[in-house]
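Structure file structure.cif (mmCIF, C-alpha atoms, pLDDT in the B column; chains and numbers go by the auth columns) is printed below.
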data_target
#
loop_
_atom_site.group_PDB
_atom_site.id
_atom_site.type_symbol
_atom_site.label_atom_id
_atom_site.label_comp_id
_atom_site.label_asym_id
_atom_site.label_seq_id
_atom_site.Cartn_x
_atom_site.Cartn_y
_atom_site.Cartn_z
_atom_site.B_iso_or_equiv
_atom_site.auth_seq_id
_atom_site.auth_asym_id
ATOM 1 C CA MET A 1 137.951 -43.952 -87.490 93.00 1 A
ATOM 2 C CA ASN A 2 135.590 -41.744 -85.499 94.00 2 A
ATOM 3 C CA HIS A 3 133.459 -38.827 -86.709 93.00 3 A
ATOM 4 C CA ASP A 4 136.002 -36.146 -85.763 95.00 4 A
ATOM 5 C CA GLN A 5 138.798 -37.948 -87.594 96.00 5 A
ATOM 6 C CA ALA A 6 136.601 -38.445 -90.659 95.00 6 A
ATOM 7 C CA ALA A 7 135.579 -34.764 -90.648 95.00 7 A
ATOM 8 C CA ALA A 8 139.242 -33.733 -90.515 95.00 8 A
ATOM 9 C CA GLU A 9 140.056 -36.016 -93.466 96.00 9 A
ATOM 10 C CA LEU A 10 137.063 -34.814 -95.476 96.00 10 A
ATOM 11 C CA THR A 11 138.007 -31.153 -94.989 94.00 11 A
ATOM 12 C CA THR A 12 140.697 -31.583 -97.648 93.00 12 A
ATOM 13 C CA ALA A 13 138.494 -33.473 -100.135 95.00 13 A
ATOM 14 C CA ALA A 14 138.869 -32.165 -103.682 94.00 14 A
ATOM 15 C CA ARG A 15 135.542 -33.290 -105.161 95.00 15 A
ATOM 16 C CA TRP A 16 132.352 -31.811 -103.690 94.00 16 A
ATOM 17 C CA ARG A 17 128.888 -31.963 -105.281 91.00 17 A
ATOM 18 C CA LYS A 18 126.097 -29.441 -104.865 85.00 18 A
ATOM 19 C CA SER A 19 122.420 -30.303 -105.206 73.00 19 A
ATOM 20 C CA SER A 20 120.956 -29.777 -108.660 69.00 20 A
ATOM 21 C CA TYR A 21 118.138 -27.941 -106.848 67.00 21 A
ATOM 22 C CA SER A 22 120.572 -25.157 -105.898 64.00 22 A
ATOM 23 C CA GLN A 23 120.478 -23.756 -109.451 63.00 23 A
ATOM 24 C CA GLY A 24 124.012 -22.412 -109.049 62.00 24 A
ATOM 25 C CA ALA A 25 123.228 -20.505 -105.840 61.00 25 A
ATOM 26 C CA ASN A 26 125.503 -20.654 -102.807 61.00 26 A
ATOM 27 C CA GLY A 27 122.791 -21.218 -100.204 67.00 27 A
ATOM 28 C CA CYS A 28 122.892 -24.991 -100.038 82.00 28 A
ATOM 29 C CA VAL A 29 125.060 -27.834 -98.861 84.00 29 A
ATOM 30 C CA GLU A 30 127.734 -29.736 -100.728 91.00 30 A
ATOM 31 C CA VAL A 31 128.585 -33.394 -100.209 94.00 31 A
ATOM 32 C CA THR A 32 131.608 -35.576 -100.847 96.00 32 A
ATOM 33 C CA THR A 33 132.176 -39.320 -100.660 96.00 33 A
ATOM 34 C CA GLU A 34 135.950 -39.235 -101.154 96.00 34 A
ATOM 35 C CA LEU A 35 136.612 -41.039 -97.861 97.00 35 A
ATOM 36 C CA PRO A 36 135.416 -44.648 -98.161 96.00 36 A
ATOM 37 C CA GLY A 37 132.522 -45.348 -95.781 97.00 37 A
ATOM 38 C CA TRP A 38 131.870 -41.669 -95.036 97.00 38 A
ATOM 39 C CA VAL A 39 129.858 -38.761 -96.421 96.00 39 A
ATOM 40 C CA GLY A 40 131.078 -35.220 -95.802 96.00 40 A
ATOM 41 C CA VAL A 41 128.622 -32.316 -95.733 93.00 41 A
ATOM 42 C CA ARG A 42 129.566 -28.622 -95.798 92.00 42 A
ATOM 43 C CA ASP A 43 127.947 -25.204 -96.328 89.00 43 A
ATOM 44 C CA SER A 44 128.364 -24.135 -99.945 85.00 44 A
ATOM 45 C CA LYS A 45 128.452 -20.447 -98.941 86.00 45 A
ATOM 46 C CA LEU A 46 131.642 -21.038 -96.955 89.00 46 A
ATOM 47 C CA GLY A 47 133.268 -23.495 -99.364 83.00 47 A
ATOM 48 C CA THR A 48 136.696 -24.634 -98.214 89.00 48 A
ATOM 49 C CA THR A 49 136.396 -22.676 -94.951 92.00 49 A
ATOM 50 C CA SER A 50 133.185 -24.482 -93.955 92.00 50 A
ATOM 51 C CA PRO A 51 133.170 -26.913 -91.048 95.00 51 A
ATOM 52 C CA VAL A 52 132.510 -30.449 -92.293 95.00 52 A
ATOM 53 C CA LEU A 53 129.886 -32.772 -90.841 94.00 53 A
ATOM 54 C CA ALA A 54 130.938 -36.401 -91.257 96.00 54 A
ATOM 55 C CA CYS A 55 128.293 -39.131 -91.501 95.00 55 A
ATOM 56 C CA THR A 56 128.645 -42.831 -92.118 96.00 56 A
ATOM 57 C CA TYR A 57 126.841 -44.120 -95.199 96.00 57 A
ATOM 58 C CA SER A 58 124.223 -45.654 -92.911 95.00 58 A
ATOM 59 C CA GLU A 59 123.659 -42.369 -91.056 94.00 59 A
ATOM 60 C CA TRP A 60 123.435 -40.496 -94.365 93.00 60 A
ATOM 61 C CA ARG A 61 120.821 -42.911 -95.760 94.00 61 A
ATOM 62 C CA THR A 62 118.807 -42.655 -92.532 93.00 62 A
ATOM 63 C CA MET A 63 118.874 -38.842 -92.651 89.00 63 A
ATOM 64 C CA LEU A 64 117.851 -38.761 -96.331 88.00 64 A
ATOM 65 C CA ALA A 65 114.973 -41.163 -95.698 90.00 65 A
ATOM 66 C CA ALA A 66 113.773 -39.029 -92.769 89.00 66 A
ATOM 67 C CA ALA A 67 113.966 -35.868 -94.898 83.00 67 A
ATOM 68 C CA GLN A 68 112.045 -37.509 -97.745 85.00 68 A
ATOM 69 C CA ALA A 69 109.394 -38.694 -95.291 87.00 69 A
ATOM 70 C CA GLY A 70 109.001 -35.168 -93.864 84.00 70 A
ATOM 71 C CA GLU A 71 110.244 -36.231 -90.443 86.00 71 A
ATOM 72 C CA LEU A 72 112.780 -33.407 -90.021 81.00 72 A
ATOM 73 C CA GLY A 73 110.317 -30.573 -89.618 73.00 73 A
ATOM 74 C CA PRO A 74 109.206 -27.818 -91.958 66.00 74 A
ATOM 75 C CA THR A 75 111.496 -26.541 -94.673 60.00 75 A
ATOM 76 C CA ARG A 76 112.339 -22.928 -93.920 56.00 76 A
ATOM 77 C CA HIS A 77 114.591 -22.121 -96.862 51.00 77 A
ATOM 78 C CA ARG A 78 114.902 -23.354 -100.412 51.00 78 A
ATOM 79 C CA CYS A 79 118.092 -23.502 -102.385 47.00 79 A
ATOM 80 C CA GLY A 80 118.241 -21.226 -105.392 44.00 80 A
#
For the file at hand, write its structure as structure tokens.
Amino acid sequence: MNHDQAAAELTTAARWRKSSYSQGANGCVEVTTELPGWVGVRDSKLGTTSPVLACTYSEWRTMLAAAQAGELGPTRHRCG
């Protein structure tokens, strides 16, 4: 399965999680792991109408590690 196929599958996922840092606001991202081997990411403001970014588990872990290490640039907005 490629990224486009995974994104299409993840669009219909029923279970999405929002960061606990969002404090109930709609300005953050939501993630789902309903498709084995893939992580879906969408804009919480758009909900079910949001485009979905599909990442493999490996890509997701790499992105999280880079974010935690401050390698993705300055944070411009905070959730909540």
Taking the file as I've supplied it (selection: the PyMOL selection byres ((chain A and resi 44-54) around 8)), which residues are included? Please answer as an mmCIF file with C-alpha atoms, in the coordinates of the input.
data_model
loop_
_atom_site.group_PDB
_atom_site.id
_atom_site.type_symbol
_atom_site.label_atom_id
_atom_site.label_comp_id
_atom_site.auth_asym_id
_atom_site.auth_seq_id
_atom_site.Cartn_x
_atom_site.Cartn_y
_atom_site.Cartn_z
ATOM 1 C CA HIS A 3 133.459 -38.827 -86.709
ATOM 2 C CA ASP A 4 136.002 -36.146 -85.763
ATOM 3 C CA ALA A 6 136.601 -38.445 -90.659
ATOM 4 C CA ALA A 7 135.579 -34.764 -90.648
ATOM 5 C CA ALA A 8 139.242 -33.733 -90.515
ATOM 6 C CA LEU A 10 137.063 -34.814 -95.476
ATOM 7 C CA THR A 11 138.007 -31.153 -94.989
ATOM 8 C CA LYS A 18 126.097 -29.441 -104.865
ATOM 9 C CA ASN A 26 125.503 -20.654 -102.807
ATOM 10 C CA GLY A 27 122.791 -21.218 -100.204
ATOM 11 C CA CYS A 28 122.892 -24.991 -100.038
ATOM 12 C CA VAL A 29 125.060 -27.834 -98.861
ATOM 13 C CA GLU A 30 127.734 -29.736 -100.728
ATOM 14 C CA TRP A 38 131.870 -41.669 -95.036
ATOM 15 C CA VAL A 39 129.858 -38.761 -96.421
ATOM 16 C CA GLY A 40 131.078 -35.220 -95.802
ATOM 17 C CA VAL A 41 128.622 -32.316 -95.733
ATOM 18 C CA ARG A 42 129.566 -28.622 -95.798
ATOM 19 C CA ASP A 43 127.947 -25.204 -96.328
ATOM 20 C CA CYS A 55 128.293 -39.131 -91.501
ATOM 21 C CA THR A 56 128.645 -42.831 -92.118
#
Item checked: Coordinates-based distance that separates atom CA of Ala14 of chain A from atom CA of Thr32 of chain A (Å, one decimal) ->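 Here the two named atoms are 8.5 Å from each other.
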Next item on the list: Could you check how far atom CA of Ala65 of chain A sits from atom CA of Asn2 of chain A, in Å to one decimal?
Entry: 23.0 Å
Next item on the list: Write out as an MDAnalysis selection string which residues come within 9 Å of Leu72 of chain A when counting all atoms listed in the file, dropping same-chain ones fewer than 5 positions away.
Entry: chainID A and resid 63 66:67
Next item on the list: For atom CA of Ala69 of chain A and atom CA of Ala13 of chain A, determine how far apart the two atoms are, in Å to one decimal place.
Entry: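 Separating atom CA of Ala69 of chain A from atom CA of Ala13 of chain A is a distance of 30.0 Å.
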